[in-house]
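Asker: The structure is given below, and queries will be raised subsequently.
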Amino acid sequence: MAEAILPHEHHMKSLPPSIQQEVGKVAHFQAIAQVFKRIGDPTRVRIFWLLCHCEECVTNLSAILGMSSPAVSHHLRPLRDSGLVVSRREGKEVYYRAADSRQSQLLHQMIEQVMEIACPN
């Protein structure tokens, strides 16, 4: 990518090459936007935050959230597809929890900082 010469010289004439190189990696930003798009619903944020603190089945999540099981399943799908939530099967029951990943941990911390709450643990 060619060096971008800035038309308005507020505090620098051009972007540093490292910044210019990173901003050109559109696919990386697209991947991040997809994660935020999948979590971009208050119900999904609630489900994700809850699953950061416990492992639950859809039936229990439905009772906790006061929603139908199909509605909860609908919200779990994008969370699972994004890798923020993982599942395990035990017999006929499927249990969900937040993934043990750096991305999930960062999102959990961000939610709690924005809401100014602390983990119950």
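Following the order of the structure tokens, chains are lettered A, B, ..., residues in each are numbered from 1, and ligands are numbered from 1.
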Show which residues sit within 7 Å of Ser87 of chain A, as a PyMOL selection string. Count only C-alpha atoms, and ignore same-chain residues fewer than 3 positions away.
Answerer: chain A and resi 94-97
Asker: I need the residues from that last selection saved to file as a tab-separated table (two decimals), in the first residue's frame (with N, CA, C and O atoms), if you can.
Answerer:
chain	number	residue	atom	x	y	z
A	94	VAL	N	-27.75	-30.54	26.04
A	94	VAL	CA	-26.59	-29.78	25.57
A	94	VAL	C	-26.37	-28.64	26.56
A	94	VAL	O	-27.30	-27.91	26.89
A	95	TYR	N	-25.13	-28.52	27.03
A	95	TYR	CA	-24.77	-27.49	27.99
A	95	TYR	C	-23.87	-26.47	27.31
A	95	TYR	O	-23.00	-26.82	26.52
A	96	TYR	N	-24.08	-25.19	27.65
A	96	TYR	CA	-23.33	-24.09	27.05
A	96	TYR	C	-22.56	-23.35	28.12
A	96	TYR	O	-23.00	-23.24	29.26
A	97	ARG	N	-21.41	-22.82	27.72
A	97	ARG	CA	-20.59	-21.97	28.59
A	97	ARG	C	-19.75	-21.08	27.70
A	97	ARG	O	-19.58	-21.34	26.51
Asker: Which residues come within 9 Å of segment 111-118 of chain A, counting only C-alpha atoms, excluding same-chain residues fewer than 5 positions away, as an MDAnalysis selection string?
Answerer: chainID A and resid 45 49 106
Asker: Kindly export the residues of the current selection with N, CA, C and O atoms, as a PDB file, in the first residue's frame.
Answerer:
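Dumped to out-v6.pdb:
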ATOM      1  N   VAL A  45     -25.800 -10.384  24.749  1.00  0.00           N
ATOM      2  CA  VAL A  45     -24.848  -9.925  25.772  1.00  0.00           C
ATOM      3  C   VAL A  45     -25.219 -10.524  27.117  1.00  0.00           C
ATOM      4  O   VAL A  45     -24.349 -11.000  27.854  1.00  0.00           O
ATOM      5  N   TRP A  49     -22.795 -13.056  29.107  1.00  0.00           N
ATOM      6  CA  TRP A  49     -22.339 -12.710  30.447  1.00  0.00           C
ATOM      7  C   TRP A  49     -22.715 -13.802  31.439  1.00  0.00           C
ATOM      8  O   TRP A  49     -21.902 -14.206  32.262  1.00  0.00           O
ATOM      9  N   LEU A 106     -11.684 -11.087  27.271  1.00  0.00           N
ATOM     10  CA  LEU A 106     -11.665  -9.636  27.051  1.00  0.00           C
ATOM     11  C   LEU A 106     -13.074  -9.066  26.941  1.00  0.00           C
ATOM     12  O   LEU A 106     -13.377  -8.008  27.501  1.00  0.00           O
TER      13      LEU A 106
END
Asker: Just list the residues in segment 10-119 of chain A DSSP gives helix (DSSP H, G or I) on the backbone, as a PyMOL selection string.
Answerer: chain A and resi 17-23+26-39+42-51+58-65+69-81+102-115
Asker: Go ahead and compute the interatomic distance for atom CA of Val86 of chain A and atom CA of Cys54 of chain A, in Å to one decimal.
Answerer: 12.1 Å
Asker: Contacts of segment 57-65 of chain A at 9 Å or less, counting only C-alpha atoms, minus same-chain residues fewer than 6 places along, as a CSV table (one decimal) with N, CA and C atoms, in the first residue's frame?
Answerer:
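So the final result, stored in result_34.csv, reads:
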chain,number,residue,atom,x,y,z
A,43,THR,N,-29.9,-9.2,24.3
A,43,THR,CA,-30.1,-10.6,24.8
A,43,THR,C,-28.9,-11.4,24.7
A,46,ARG,N,-26.5,-10.5,27.5
A,46,ARG,CA,-27.0,-11.1,28.7
A,46,ARG,C,-26.6,-12.6,28.8
A,47,ILE,N,-26.9,-13.3,27.7
A,47,ILE,CA,-26.6,-14.8,27.6
A,47,ILE,C,-25.1,-15.0,27.8
A,50,LEU,N,-23.9,-14.3,31.3
A,50,LEU,CA,-24.4,-15.4,32.2
A,50,LEU,C,-23.5,-16.6,32.0
A,71,ALA,N,-36.3,-19.2,21.3
A,71,ALA,CA,-35.7,-17.9,21.3
A,71,ALA,C,-34.2,-17.9,21.8
A,72,VAL,N,-34.0,-18.6,22.9
A,72,VAL,CA,-32.7,-18.7,23.5
A,72,VAL,C,-31.8,-19.4,22.5
A,73,SER,N,-32.2,-20.5,21.9
A,73,SER,CA,-31.4,-21.2,20.9
A,73,SER,C,-31.0,-20.3,19.7
A,76,LEU,N,-28.2,-18.2,20.9
A,76,LEU,CA,-27.0,-19.0,21.2
A,76,LEU,C,-26.2,-19.3,19.9
A,93,GLU,N,-29.1,-33.8,26.7
A,93,GLU,CA,-28.9,-32.4,27.1
A,93,GLU,C,-27.7,-31.8,26.5
A,94,VAL,N,-27.7,-30.5,26.0
A,94,VAL,CA,-26.6,-29.8,25.6
A,94,VAL,C,-26.4,-28.6,26.6
A,95,TYR,N,-25.1,-28.5,27.0
A,95,TYR,CA,-24.8,-27.5,28.0
A,95,TYR,C,-23.9,-26.5,27.3
A,96,TYR,N,-24.1,-25.2,27.6
A,96,TYR,CA,-23.3,-24.1,27.0
A,96,TYR,C,-22.6,-23.4,28.1
Asker: DSSP on the backbone, strand (DSSP E or B) only: what residues of segment 2-120 of chain A does that give? Format it as a list in words.
Answerer: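 Across segment 2-120 of chain A, those assigned strand (DSSP E or B) are Ile5, Ser14, Glu56, Cys57, Val85, Val86, Ser87, Arg88, Arg89, Glu90, Glu93, Val94, Tyr95, Tyr96, Arg97 and Ala98 of chain A.
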Asker: Find, counting only C-alpha atoms, the residue in A:Gly66, A:Pro78, A:Gly24, A:Pro17 that gets nearest to Asp41 of chain A.
Answerer: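 Of A:Gly66, A:Pro78, A:Gly24, A:Pro17, the one nearest Asp41 of chain A, counting only C-alpha atoms, is A:Pro78.
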